[in-house]
$ cat target22.cif   # mmCIF, C-alpha atoms
data_upload
#
loop_
_atom_site.label_atom_id
_atom_site.label_comp_id
_atom_site.auth_asym_id
_atom_site.auth_seq_id
_atom_site.Cartn_x
_atom_site.Cartn_y
_atom_site.Cartn_z
CA MET A 548 21.24 16.20 -2.44
CA THR A 549 19.39 15.02 -5.51
CA GLU A 550 19.98 12.10 -7.87
CA ILE A 551 18.76 11.02 -11.30
CA VAL A 552 16.94 7.68 -11.36
CA ASN A 553 15.11 5.78 -14.10
CA ARG A 554 11.46 5.01 -13.56
CA GLY A 555 8.71 3.37 -15.57
CA TYR A 556 5.02 4.33 -15.56
CA LYS A 557 2.46 2.16 -17.25
CA VAL A 558 -0.91 3.65 -18.21
CA ARG A 559 -3.81 2.19 -20.15
CA ILE A 560 -4.85 4.06 -23.32
CA GLN A 561 -8.06 4.15 -25.35
CA PRO A 562 -7.12 4.57 -29.02
CA THR A 563 -9.70 5.16 -31.72
CA ASN A 564 -10.27 2.64 -34.51
CA ASP A 565 -7.93 4.53 -36.87
CA GLN A 566 -5.27 4.72 -34.15
CA LYS A 567 -5.60 0.97 -33.53
CA ILE A 568 -4.93 0.36 -37.23
CA SER A 569 -1.80 2.56 -37.04
CA ILE A 570 -0.59 0.69 -33.93
CA HIS A 571 -1.09 -2.67 -35.64
CA LYS A 572 0.77 -1.43 -38.72
CA THR A 573 3.77 -0.46 -36.60
CA LEU A 574 3.66 -3.78 -34.73
CA GLY A 575 3.63 -5.66 -38.02
CA CYS A 576 6.45 -3.58 -39.52
CA CYS A 577 8.64 -4.08 -36.44
CA ARG A 578 8.01 -7.83 -36.60
CA LEU A 579 8.93 -7.86 -40.31
CA VAL A 580 12.19 -5.94 -39.73
CA TRP A 581 13.11 -8.34 -36.93
CA ASN A 582 12.44 -11.42 -39.06
CA VAL A 583 14.21 -10.26 -42.24
CA SER A 584 17.21 -8.95 -40.25
CA LEU A 585 17.37 -12.24 -38.35
CA GLU A 586 17.22 -14.23 -41.59
CA GLU A 587 20.05 -12.12 -43.02
CA ARG A 588 22.22 -12.83 -39.98
CA LYS A 589 21.45 -16.55 -39.97
CA LYS A 590 22.49 -16.91 -43.61
CA PHE A 591 25.72 -15.01 -42.93
CA TYR A 592 26.60 -17.03 -39.83
CA GLU A 593 25.99 -20.32 -41.65
CA THR A 594 28.78 -19.49 -44.13
CA SER A 595 31.07 -17.54 -41.77
CA ARG A 596 33.80 -19.51 -40.00
CA ASP A 597 34.61 -16.95 -37.32
CA ILE A 598 31.16 -15.93 -36.08
CA ILE A 599 32.15 -13.32 -33.52
CA ARG A 600 34.71 -11.63 -35.77
CA GLY A 601 32.22 -11.70 -38.62
CA ASN A 602 29.63 -10.08 -36.37
CA GLU A 603 32.02 -7.21 -35.60
CA SER A 604 33.18 -6.57 -39.15
CA ARG A 605 30.01 -7.27 -41.12
CA THR A 606 27.69 -4.37 -41.93
CA PHE A 607 24.12 -5.58 -42.05
CA LYS A 608 21.18 -3.78 -43.66
CA SER A 609 19.65 -0.96 -41.66
CA GLN A 610 15.98 -0.05 -41.52
CA LYS A 611 16.62 2.53 -44.29
CA ASP A 612 17.86 -0.25 -46.57
CA TRP A 613 14.85 -2.42 -45.79
CA LYS A 614 12.53 0.47 -46.71
CA GLU A 615 13.84 0.25 -50.26
CA VAL A 616 12.86 -3.42 -50.37
CA TYR A 617 9.56 -2.92 -48.51
CA PRO A 618 8.29 0.63 -49.25
CA PHE A 619 5.32 0.27 -46.86
CA LEU A 620 7.77 0.41 -43.93
CA LYS A 621 7.77 4.19 -44.41
CA GLU A 622 4.32 4.27 -42.81
CA ALA A 623 5.79 3.04 -39.50
CA ASP A 624 7.81 4.99 -36.94
CA SER A 625 11.50 4.91 -37.91
CA GLN A 626 12.61 5.06 -34.26
CA ALA A 627 10.59 1.92 -33.52
CA LEU A 628 12.26 0.10 -36.45
CA ASN A 629 15.70 1.23 -35.26
CA THR A 630 14.96 0.00 -31.75
CA THR A 631 13.92 -3.38 -33.15
CA GLN A 632 17.29 -3.82 -34.84
CA GLN A 633 19.12 -2.65 -31.71
CA ASN A 634 17.26 -5.30 -29.71
CA LEU A 635 18.33 -7.92 -32.24
CA ASN A 636 21.97 -6.82 -31.86
CA LYS A 637 21.68 -7.15 -28.07
CA ALA A 638 20.08 -10.58 -28.43
CA TYR A 639 23.01 -11.83 -30.51
CA LYS A 640 25.57 -10.33 -28.11
CA HIS A 641 23.88 -12.18 -25.23
CA TYR A 642 23.82 -15.34 -27.34
CA PHE A 643 27.57 -15.15 -28.05
CA LYS A 644 28.27 -14.58 -24.34
CA GLY A 645 26.15 -17.60 -23.40
CA ILE A 646 23.58 -15.57 -21.46
CA HIS A 647 20.60 -16.48 -23.63
CA GLY A 648 19.75 -18.88 -26.42
CA VAL A 649 19.78 -18.14 -30.12
CA PRO A 650 17.19 -15.51 -31.26
CA HIS A 651 14.03 -16.85 -32.89
CA PHE A 652 11.64 -15.53 -35.50
CA LYS A 653 8.56 -13.67 -34.27
CA SER A 654 5.03 -14.80 -35.07
CA LYS A 655 1.70 -12.98 -35.26
CA LYS A 656 0.37 -15.46 -32.71
CA HIS A 657 2.96 -14.50 -30.09
CA SER A 658 1.40 -13.46 -26.79
CA LYS A 659 3.52 -10.30 -26.42
CA GLU A 660 2.91 -7.52 -28.96
CA SER A 661 4.81 -4.30 -28.33
CA TYR A 662 7.21 -1.79 -29.83
CA THR A 663 9.42 0.92 -28.35
CA THR A 664 10.11 4.38 -29.75
CA HIS A 665 12.42 7.06 -28.35
CA MET A 666 12.03 10.76 -27.72
CA VAL A 667 13.28 12.94 -30.60
CA ASN A 668 12.46 16.66 -30.84
CA ASN A 669 9.63 16.45 -28.29
CA ASN A 670 7.69 13.91 -30.37
CA ILE A 671 6.45 12.21 -27.17
CA ARG A 672 4.62 14.38 -24.65
CA ILE A 673 1.71 14.52 -22.25
CA ASP A 674 -1.07 16.95 -23.16
CA GLY A 675 -3.73 16.90 -20.44
CA ASP A 676 -5.49 13.53 -20.57
CA TYR A 677 -3.80 12.66 -23.88
CA ILE A 678 -0.38 11.38 -24.85
CA LYS A 679 1.30 12.21 -28.15
CA ILE A 680 2.80 9.11 -29.81
CA PRO A 681 4.76 9.33 -33.11
CA LYS A 682 2.74 8.24 -36.17
CA ILE A 683 -0.30 7.66 -33.91
CA GLY A 684 -1.20 11.16 -32.70
CA LEU A 685 -2.94 12.17 -29.48
CA VAL A 686 -4.29 9.10 -27.68
CA LYS A 687 -6.72 9.23 -24.75
CA MET A 688 -5.28 7.95 -21.44
CA ARG A 689 -7.15 6.41 -18.53
CA LYS A 690 -5.49 8.47 -15.83
CA ASN A 691 -6.15 7.05 -12.39
CA ARG A 692 -2.98 8.45 -10.83
CA LYS A 693 -0.40 11.18 -11.33
CA VAL A 694 1.51 10.08 -14.43
CA LEU A 695 4.58 12.27 -14.48
CA PRO A 696 6.47 13.23 -11.30
CA CYS A 697 8.02 16.67 -11.05
CA ASN A 698 11.37 17.20 -12.80
CA SER A 699 10.91 14.13 -15.01
CA ILE A 700 11.99 13.70 -18.63
CA ILE A 701 10.42 11.21 -21.05
CA LYS A 702 13.14 9.15 -22.73
CA ALA A 703 11.07 6.48 -24.52
CA VAL A 704 7.62 4.95 -24.72
CA THR A 705 6.57 1.34 -25.25
CA VAL A 706 3.17 0.71 -26.81
CA SER A 707 1.77 -2.75 -26.06
CA LYS A 708 -1.39 -4.75 -26.68
CA THR A 709 -2.57 -7.60 -24.49
CA LEU A 710 -4.37 -10.73 -25.66
CA THR A 711 -7.54 -9.39 -24.03
CA GLY A 712 -7.52 -6.41 -26.44
CA LYS A 713 -6.26 -3.75 -24.00
CA TYR A 714 -3.70 -1.14 -25.02
CA PHE A 715 -1.02 0.30 -22.73
CA VAL A 716 1.85 2.75 -22.87
CA SER A 717 4.92 2.35 -20.66
CA LEU A 718 6.87 5.59 -20.20
CA ARG A 719 10.59 5.40 -19.51
CA LEU A 720 11.44 8.45 -17.40
CA GLU A 721 14.48 10.13 -15.93
CA VAL A 722 13.38 11.51 -12.56
CA GLU A 723 15.26 13.91 -10.34
CA GLN A 724 14.52 13.09 -6.71
CA LYS A 725 15.98 13.74 -3.28
CA ARG A 726 18.53 11.21 -2.11
CA SER A 727 17.29 9.52 1.05
CA SER A 728 19.62 9.46 4.04
CA ARG A 729 19.87 6.54 6.47
CA ASP A 730 19.50 7.01 10.21
CA GLU A 731 22.23 5.29 12.22
CA ASN A 732 19.68 4.30 14.88
CA PHE A 733 18.22 1.15 13.35
CA LYS A 734 14.62 0.32 14.02
CA ARG A 735 14.80 -3.30 12.93
CA VAL A 736 16.97 -5.84 11.13
CA ILE A 737 15.06 -8.61 9.36
CA GLY A 738 16.03 -11.80 7.58
CA LEU A 739 13.80 -13.41 4.95
CA ASP A 740 13.96 -17.10 4.10
CA PHE A 741 11.88 -17.90 1.03
CA SER A 742 9.36 -20.68 1.41
CA THR A 743 7.45 -22.64 -1.21
CA THR A 744 4.41 -22.66 1.08
CA HIS A 745 4.23 -19.23 2.72
CA PHE A 746 6.34 -17.18 0.25
CA TYR A 747 8.77 -16.30 3.06
CA ILE A 748 9.34 -16.64 6.82
CA ASN A 749 11.27 -13.96 8.71
CA ASN A 750 13.56 -14.25 11.72
CA MET A 751 10.64 -13.50 14.10
CA GLY A 752 8.70 -16.49 12.82
CA GLU A 753 6.20 -14.32 10.92
CA LYS A 754 4.92 -15.75 7.64
CA ALA A 755 4.04 -13.80 4.52
CA ASN A 756 0.96 -16.00 3.98
CA PHE A 757 0.79 -16.26 0.22
CA PRO A 758 -2.80 -15.25 -0.77
CA SER A 759 -5.26 -18.08 -1.23
CA TYR A 760 -7.09 -16.16 -3.97
CA ILE A 761 -4.02 -16.43 -6.20
CA GLU A 762 -3.98 -20.20 -5.62
CA GLN A 763 -7.67 -20.29 -6.56
CA THR A 764 -6.95 -18.42 -9.79
CA VAL A 765 -4.16 -20.90 -10.60
CA THR A 766 -6.62 -23.77 -10.03
CA LYS A 767 -9.09 -22.15 -12.45
CA ILE A 768 -6.31 -21.80 -15.02
CA LYS A 769 -5.51 -25.52 -14.77
CA LYS A 770 -9.17 -26.48 -15.24
CA CYS A 771 -9.49 -24.13 -18.21
CA GLN A 772 -6.33 -25.58 -19.80
CA ARG A 773 -7.62 -29.14 -19.44
CA LYS A 774 -10.93 -28.14 -21.02
CA MET A 775 -9.20 -26.34 -23.89
CA SER A 776 -6.94 -29.33 -24.65
CA LYS A 777 -10.00 -31.49 -25.42
CA GLN A 778 -11.68 -29.01 -27.79
CA VAL A 779 -11.33 -28.79 -31.57
CA LYS A 780 -8.82 -26.10 -32.57
CA THR A 781 -11.06 -24.36 -35.11
CA SER A 782 -14.25 -24.47 -33.01
CA LYS A 783 -15.99 -21.45 -31.52
CA GLY A 784 -16.12 -23.13 -28.12
CA ARG A 785 -12.33 -23.39 -28.04
CA GLU A 786 -12.00 -19.71 -28.91
CA LYS A 787 -14.30 -18.79 -26.00
CA THR A 788 -12.24 -20.96 -23.68
CA ARG A 789 -9.02 -19.36 -24.96
CA ILE A 790 -10.33 -15.85 -24.22
CA LYS A 791 -11.37 -16.99 -20.74
CA LEU A 792 -7.91 -18.48 -20.18
CA VAL A 793 -6.19 -15.26 -21.27
CA LYS A 794 -8.30 -13.24 -18.84
CA LEU A 795 -7.44 -15.62 -16.01
CA TYR A 796 -3.71 -15.26 -16.74
CA GLU A 797 -4.05 -11.48 -16.74
CA LYS A 798 -5.97 -11.60 -13.47
CA LYS A 799 -3.28 -13.76 -11.89
CA ARG A 800 -0.51 -11.36 -12.99
CA ASN A 801 -2.37 -8.38 -11.54
CA GLN A 802 -3.07 -10.19 -8.26
CA LEU A 803 0.57 -11.21 -7.92
CA LYS A 804 1.83 -7.71 -8.72
CA ASP A 805 -0.50 -6.20 -6.12
CA PHE A 806 0.71 -8.71 -3.49
CA HIS A 807 4.38 -8.01 -4.28
CA HIS A 808 4.01 -4.24 -4.03
CA LYS A 809 2.04 -4.28 -0.77
CA LEU A 810 4.44 -6.76 0.82
CA SER A 811 7.57 -4.88 -0.27
CA ASN A 812 6.12 -1.57 0.97
CA ASN A 813 5.55 -3.10 4.39
CA ILE A 814 9.09 -4.51 4.56
CA ILE A 815 10.81 -1.29 3.48
CA LYS A 816 8.67 0.88 5.76
CA ASN A 817 9.41 -1.07 8.96
CA ASN A 818 13.06 -2.14 8.51
CA ASP A 819 16.49 -0.63 7.97
CA ILE A 820 18.47 -3.75 7.03
CA VAL A 821 17.04 -6.71 5.11
CA GLY A 822 18.94 -10.00 4.77
CA LEU A 823 18.04 -12.22 1.81
CA GLU A 824 19.29 -15.50 0.41
CA SER A 825 20.74 -15.66 -3.09
CA LEU A 826 18.41 -18.07 -4.83
CA SER A 827 19.69 -20.23 -7.67
CA LEU A 828 16.43 -20.40 -9.60
CA LYS A 829 18.13 -22.21 -12.45
CA GLU A 830 18.99 -25.15 -10.17
CA MET A 831 15.58 -25.06 -8.49
CA ASN A 832 13.87 -25.25 -11.89
CA SER A 833 15.38 -28.71 -12.39
CA GLU A 834 12.84 -30.09 -9.90
CA LYS A 835 9.21 -30.16 -11.06
CA TYR A 836 7.68 -29.11 -7.72
CA PHE A 837 10.00 -26.12 -7.23
CA GLN A 838 9.51 -25.09 -10.86
CA LYS A 839 5.74 -24.80 -10.39
CA ARG A 840 6.04 -22.87 -7.13
CA ILE A 841 8.58 -20.44 -8.64
CA GLN A 842 6.21 -19.70 -11.52
CA ILE A 843 3.27 -19.14 -9.18
CA MET A 844 5.01 -16.99 -6.54
CA GLY A 845 7.32 -14.88 -8.72
CA TRP A 846 10.28 -14.47 -6.36
CA ARG A 847 12.48 -12.85 -9.02
CA ASN A 848 9.97 -10.04 -9.65
CA PHE A 849 9.53 -9.52 -5.91
CA ILE A 850 13.29 -9.12 -5.40
CA GLY A 851 13.42 -6.58 -8.25
CA ILE A 852 10.61 -4.52 -6.69
CA LEU A 853 12.22 -4.74 -3.26
CA THR A 854 15.60 -3.64 -4.63
CA TYR A 855 14.51 -0.34 -6.19
CA LYS A 856 12.25 0.54 -3.25
CA ALA A 857 15.12 -0.11 -0.83
CA HIS A 858 17.34 2.23 -2.87
CA ASP A 859 14.74 5.01 -2.72
CA LYS A 860 14.36 4.72 1.08
CA ALA A 861 18.07 4.07 1.84
CA VAL A 862 17.33 0.60 3.22
CA ILE A 863 20.26 -1.85 3.10
CA LEU A 864 19.67 -5.08 1.19
CA HIS A 865 22.21 -7.83 1.85
CA PHE A 866 22.25 -10.94 -0.31
CA SER A 867 24.11 -13.82 1.30
CA ASN A 868 26.52 -16.01 -0.61
CA GLN A 869 24.73 -18.54 -2.80
CA TYR A 870 26.51 -21.41 -1.03
CA TYR A 871 25.99 -20.10 2.50
CA ALA A 872 24.34 -22.94 4.47
CA SER A 873 21.75 -20.86 6.31
CA SER A 874 19.52 -23.87 7.01
CA LYS A 875 22.31 -26.16 8.23
CA THR A 876 23.95 -23.61 10.56
CA CYS A 877 22.78 -23.08 14.13
CA SER A 878 21.71 -19.46 14.71
CA VAL A 879 22.88 -19.61 18.38
CA CYS A 880 26.26 -21.38 18.48
CA GLY A 881 27.17 -21.40 14.77
CA HIS A 882 27.59 -25.17 14.51
CA LYS A 883 27.06 -26.47 10.99
CA LYS A 884 25.47 -29.83 10.26
CA GLU A 885 26.90 -31.96 7.48
CA THR A 886 23.48 -33.11 6.25
CA PHE A 887 20.01 -31.69 6.86
CA PRO A 888 17.36 -33.12 4.47
CA LEU A 889 14.28 -31.14 3.46
CA SER A 890 12.03 -33.68 5.13
CA GLN A 891 13.19 -32.46 8.56
CA LYS A 892 11.26 -29.30 9.42
CA THR A 893 12.73 -28.75 12.91
CA TYR A 894 16.33 -27.72 13.51
CA THR A 895 17.80 -29.26 16.67
CA CYS A 896 21.31 -28.43 17.92
CA GLU A 897 23.43 -29.84 20.74
CA CYS A 898 23.48 -26.41 22.37
CA GLY A 899 19.75 -26.70 23.04
CA ASN A 900 18.53 -24.60 20.13
CA VAL A 901 15.26 -26.01 18.75
CA LEU A 902 13.63 -24.01 15.93
CA HIS A 903 11.72 -24.40 12.71
CA ARG A 904 14.27 -24.79 9.94
CA ASP A 905 13.04 -21.71 8.04
CA VAL A 906 13.07 -19.49 11.16
CA ASN A 907 16.61 -20.65 11.96
CA ALA A 908 17.69 -19.84 8.38
CA ALA A 909 16.05 -16.39 8.54
CA MET A 910 17.88 -15.63 11.81
CA ASN A 911 21.18 -16.56 10.19
CA LEU A 912 20.42 -14.29 7.23
CA SER A 913 19.61 -11.32 9.51
CA GLN A 914 22.86 -11.89 11.46
CA GLU A 915 24.86 -12.08 8.22
CA ALA A 916 23.32 -8.81 7.02
CA MET A 917 24.14 -7.02 10.29
CA ILE A 918 27.72 -8.35 10.37
CA SER A 919 28.25 -7.31 6.75
CA TYR A 920 27.07 -3.77 7.52
CA LEU A 921 29.24 -3.41 10.64
CA THR A 922 32.39 -4.71 8.91
CA ASN A 923 32.02 -2.50 5.81
#
$ encode --input "target22.cif" --output "structure tokens"
Amino acid sequence: MTEIVNRGYKVRIQPTNDQKISIHKTLGCCRLVWNVSLEERKKFYETSRDIIRGNESRTFKSQKDWKEVYPFLKEADSQALNTTQQNLNKAYKHYFKGIHGVPHFKSKKHSKESYTTHMVNNNIRIDGDYIKIPKIGLVKMRKNRKVLPCNSIIKAVTVSKTLTGKYFVSLRLEVEQKRSSRDENFKRVIGLDFSTTHFYINNMGEKANFPSYIEQTVTKIKKCQRKMSKQVKTSKGREKTRIKLVKLYEKKRNQLKDFHHKLSNNIIKNNDIVGLESLSLKEMNSEKYFQKRIQIMGWRNFIGILTYKAHDKAVILHFSNQYYASSKTCSVCGHKKETFPLSQKTYTCECGNVLHRDVNAAMNLSQEAMISYLTN
């Protein structure tokens, strides 16, 4: 059997000088539409008593209306302007539900510059080593891998520019692929307990060993930030330091992404059931030490990568209850301790079980995953 899944493919492009100007025009127009639409909403909500009802009944200006006020918006892709307003609508819906904070105005100095346009009448397509982008034309791609899988349909494309001056396109695809079937004869069940030192420890006592080269890059970033904080804002030396800092951040992101993909491939390839803990990153961010380690290690991104790869290979991912005391519970007899401070690294039980606290927690997570599968 086959199934339709959504996939994203990111490829670097090499636009000409004229194409760069067109990309920057579209980025600027999308930022303008966002800001003027946001200002319109803010003024309305300041005078409206019932905000949510006003949001449902009020008809705000569309991108066609803004083109009458700002005629130069006609030079930009209309689909990109429409997508910008749709994103603003989603941002306000999330704000009213309490998921995110209130939307803010966008600045030219913002680190993320991108816009999204959708497929209409085959206006986005791959032509050899080139990609056709609306209002931009055929742009050269740096193809170092197969871009489009078989039986794939392009739904949208996101054009982005990094602070280091690189341009990328992210293709949103609908891919038809074979549905993987799971063998009832399990090879291995594994439990992963996340660690602020080793990234994770499994139920066999094996550590992920978070790469030291990422830690070294983080140290260079800290030194560069301290140097930049002492320089004059308008000086050429500060600008050189800023460019160096941006490159270090990009290097760190690429190193972390490479580590996540290699690690997740190894886990999915060698296991049939994976037990994980449900991390409350919001609570962990309240402590300064945990906040820094979360930012460095990127657990949330790793779980996202692991989730879609597990779906493709029919591997079962089981997330334990957020309040399940995996560290306090004995993995042999099931006795639960009332208190077990973080300073104690060894778990000792009256039944004679003596283990490292993280290994004991990982064993509990693997058992929970297996029990959940057998009972369902």
$ resolve_selection --input "target22.cif" --expression "the PyMOL selection byres ((chain A and resi 622-632) around 7)" --output "ChimeraX atom specification"
/A:572-573,576-577,580-581,610,619-621,633-636,662-665,681-682
$ closest_residue --input "target22.cif" --among "A:Cys697, A:Leu710, A:Ile790, A:Ile680" --to "A:His657" --atoms "all atoms listed in the file"
A:Leu710
$ resolve_selection --input "target22.cif" --expression "the PyMOL selection byres ((chain A and resi 718) around 12)" --output "PyMOL selection string"
chain A and resi 553-559+663-666+671-673+678-680+694-696+699-707+715-717+719-722
$ resolve_selection --input "target22.cif" --expression "the PyMOL selection byres ((chain A and resi 887) around 12)" --output "PDB file with C-alpha atoms, in the coordinates of the input"
ATOM      1  CA  ALA A 872      24.340 -22.940   4.470  1.00  0.00           C
ATOM      2  CA  SER A 873      21.750 -20.860   6.310  1.00  0.00           C
ATOM      3  CA  SER A 874      19.520 -23.870   7.010  1.00  0.00           C
ATOM      4  CA  LYS A 875      22.310 -26.160   8.230  1.00  0.00           C
ATOM      5  CA  THR A 876      23.950 -23.610  10.560  1.00  0.00           C
ATOM      6  CA  CYS A 877      22.780 -23.080  14.130  1.00  0.00           C
ATOM      7  CA  LYS A 883      27.060 -26.470  10.990  1.00  0.00           C
ATOM      8  CA  LYS A 884      25.470 -29.830  10.260  1.00  0.00           C
ATOM      9  CA  GLU A 885      26.900 -31.960   7.480  1.00  0.00           C
ATOM     10  CA  THR A 886      23.480 -33.110   6.250  1.00  0.00           C
ATOM     11  CA  PRO A 888      17.360 -33.120   4.470  1.00  0.00           C
ATOM     12  CA  LEU A 889      14.280 -31.140   3.460  1.00  0.00           C
ATOM     13  CA  SER A 890      12.030 -33.680   5.130  1.00  0.00           C
ATOM     14  CA  GLN A 891      13.190 -32.460   8.560  1.00  0.00           C
ATOM     15  CA  LYS A 892      11.260 -29.300   9.420  1.00  0.00           C
ATOM     16  CA  THR A 893      12.730 -28.750  12.910  1.00  0.00           C
ATOM     17  CA  TYR A 894      16.330 -27.720  13.510  1.00  0.00           C
ATOM     18  CA  THR A 895      17.800 -29.260  16.670  1.00  0.00           C
ATOM     19  CA  CYS A 896      21.310 -28.430  17.920  1.00  0.00           C
ATOM     20  CA  ARG A 904      14.270 -24.790   9.940  1.00  0.00           C
TER      21      ARG A 904
END
$ closest_residue --input "target22.cif" --among "A:Lys839, A:Lys655, A:Arg735, A:Lys770" --to "A:Asn750" --atoms "all atoms listed in the file"
A:Arg735
$ closest_residue --input "target22.cif" --among "A:Asn812, A:Asn818, A:Gln561, A:Asn670" --to "A:Arg689" --atoms "all atoms listed in the file"
A:Gln561
$ closest_residue --input "target22.cif" --among "A:Leu921, A:Ile748, A:Ile646, A:Val686" --to "A:Lys567" --atoms "all atoms listed in the file"
A:Val686
$ atom_distance --input "target22.cif" --atom1 "atom CA of A:Tyr714" --atom2 "atom CA of A:Ala638"
25.8 Å
$ closest_residue --input "target22.cif" --among "A:Ile560, A:Trp846, A:Lys614, A:Ile820" --to "A:Lys690" --atoms "all atoms listed in the file"
A:Ile560
$ closest_residue --input "target22.cif" --among "A:Lys767, A:Gly845, A:Lys590, A:Ser811" --to "A:Tyr796" --atoms "all atoms listed in the file"
A:Lys767
$ atom_distance --input "target22.cif" --atom1 "atom CA of A:Lys708" --atom2 "atom CA of A:Lys804"
18.5 Å
$ atom_distance --input "target22.cif" --atom1 "atom CA of A:Gln566" --atom2 "atom CA of A:Gly684"
7.8 Å
$ residues_around --input "target22.cif" --residues "A:Leu826" --least-positions-apart "3" --cutoff "12 Å" --atoms "only C-alpha atoms" --output "list of chain:residue names"
A:Leu739, A:Asp740, A:Phe741, A:Ser742, A:Leu823, A:Lys829, A:Glu830, A:Met831, A:Asn832, A:Phe837, A:Ile841, A:Trp846, A:Arg847, A:Ile850, A:Phe866, A:Ser867, A:Asn868, A:Gln869, A:Tyr870, A:Tyr871, A:Ser873
$ residues_around --input "target22.cif" --residues "A:Thr711" --least-positions-apart "5" --cutoff "12 Å" --atoms "all atoms listed in the file" --output "PyMOL selection string"
chain A and resi 658-660+787+789-798
$ residues_around --input "target22.cif" --residues "stretch 760-762 of chain A" --least-positions-apart "6" --cutoff "9 Å" --atoms "all atoms listed in the file" --output "list in words"
Lys798, Lys799, Gln802, Leu803 and Ile843 of chain A
$ residues_around --input "target22.cif" --residues "A:Ser913" --least-positions-apart "2" --cutoff "6 Å" --atoms "only C-alpha atoms" --output "number ranges by chain"
A: 737-738, 822, 910-911, 915-916
$ decode --input "target22.cif" --residues "stretch 624-629 of chain A" --atoms "all heavy atoms" --output "PDB file, in the first residue's frame"
ATOM      1  N   ASP A 624       5.361  39.086  -5.837  1.00  0.00           N
ATOM      2  CA  ASP A 624       4.500  37.935  -6.087  1.00  0.00           C
ATOM      3  C   ASP A 624       3.253  38.039  -5.209  1.00  0.00           C
ATOM      4  O   ASP A 624       3.348  38.150  -3.981  1.00  0.00           O
ATOM      5  CB  ASP A 624       5.273  36.649  -5.777  1.00  0.00           C
ATOM      6  CG  ASP A 624       4.461  35.405  -6.056  1.00  0.00           C
ATOM      7  OD1 ASP A 624       3.434  35.504  -6.753  1.00  0.00           O
ATOM      8  OD2 ASP A 624       4.840  34.325  -5.561  1.00  0.00           O
ATOM      9  N   SER A 625       2.073  37.990  -5.825  1.00  0.00           N
ATOM     10  CA  SER A 625       0.817  38.130  -5.079  1.00  0.00           C
ATOM     11  C   SER A 625       0.590  36.963  -4.127  1.00  0.00           C
ATOM     12  O   SER A 625       0.014  37.133  -3.044  1.00  0.00           O
ATOM     13  CB  SER A 625      -0.366  38.255  -6.046  1.00  0.00           C
ATOM     14  OG  SER A 625      -0.453  37.113  -6.874  1.00  0.00           O
ATOM     15  N   GLN A 626       1.031  35.756  -4.513  1.00  0.00           N
ATOM     16  CA  GLN A 626       0.879  34.602  -3.636  1.00  0.00           C
ATOM     17  C   GLN A 626       1.704  34.767  -2.361  1.00  0.00           C
ATOM     18  O   GLN A 626       1.285  34.367  -1.274  1.00  0.00           O
ATOM     19  CB  GLN A 626       1.312  33.330  -4.369  1.00  0.00           C
ATOM     20  CG  GLN A 626       0.331  32.846  -5.419  1.00  0.00           C
ATOM     21  CD  GLN A 626      -0.978  32.386  -4.799  1.00  0.00           C
ATOM     22  OE1 GLN A 626      -1.002  31.769  -3.756  1.00  0.00           O
ATOM     23  NE2 GLN A 626      -2.075  32.697  -5.468  1.00  0.00           N
ATOM     24  N   ALA A 627       2.880  35.372  -2.480  1.00  0.00           N
ATOM     25  CA  ALA A 627       3.714  35.612  -1.303  1.00  0.00           C
ATOM     26  C   ALA A 627       3.053  36.625  -0.369  1.00  0.00           C
ATOM     27  O   ALA A 627       3.097  36.475   0.864  1.00  0.00           O
ATOM     28  CB  ALA A 627       5.094  36.108  -1.736  1.00  0.00           C
ATOM     29  N   LEU A 628       2.407  37.656  -0.934  1.00  0.00           N
ATOM     30  CA  LEU A 628       1.718  38.648  -0.108  1.00  0.00           C
ATOM     31  C   LEU A 628       0.510  38.029   0.578  1.00  0.00           C
ATOM     32  O   LEU A 628       0.229  38.323   1.754  1.00  0.00           O
ATOM     33  CB  LEU A 628       1.295  39.837  -0.970  1.00  0.00           C
ATOM     34  CG  LEU A 628       2.413  40.581  -1.718  1.00  0.00           C
ATOM     35  CD1 LEU A 628       1.831  41.732  -2.537  1.00  0.00           C
ATOM     36  CD2 LEU A 628       3.471  41.096  -0.757  1.00  0.00           C
ATOM     37  N   ASN A 629      -0.229  37.161  -0.147  1.00  0.00           N
ATOM     38  CA  ASN A 629      -1.365  36.475   0.457  1.00  0.00           C
ATOM     39  C   ASN A 629      -0.927  35.580   1.608  1.00  0.00           C
ATOM     40  O   ASN A 629      -1.572  35.521   2.657  1.00  0.00           O
ATOM     41  CB  ASN A 629      -2.094  35.625  -0.596  1.00  0.00           C
ATOM     42  CG  ASN A 629      -3.057  36.443  -1.420  1.00  0.00           C
ATOM     43  OD1 ASN A 629      -3.599  37.449  -0.951  1.00  0.00           O
ATOM     44  ND2 ASN A 629      -3.281  36.042  -2.657  1.00  0.00           N
TER      45      ASN A 629
END
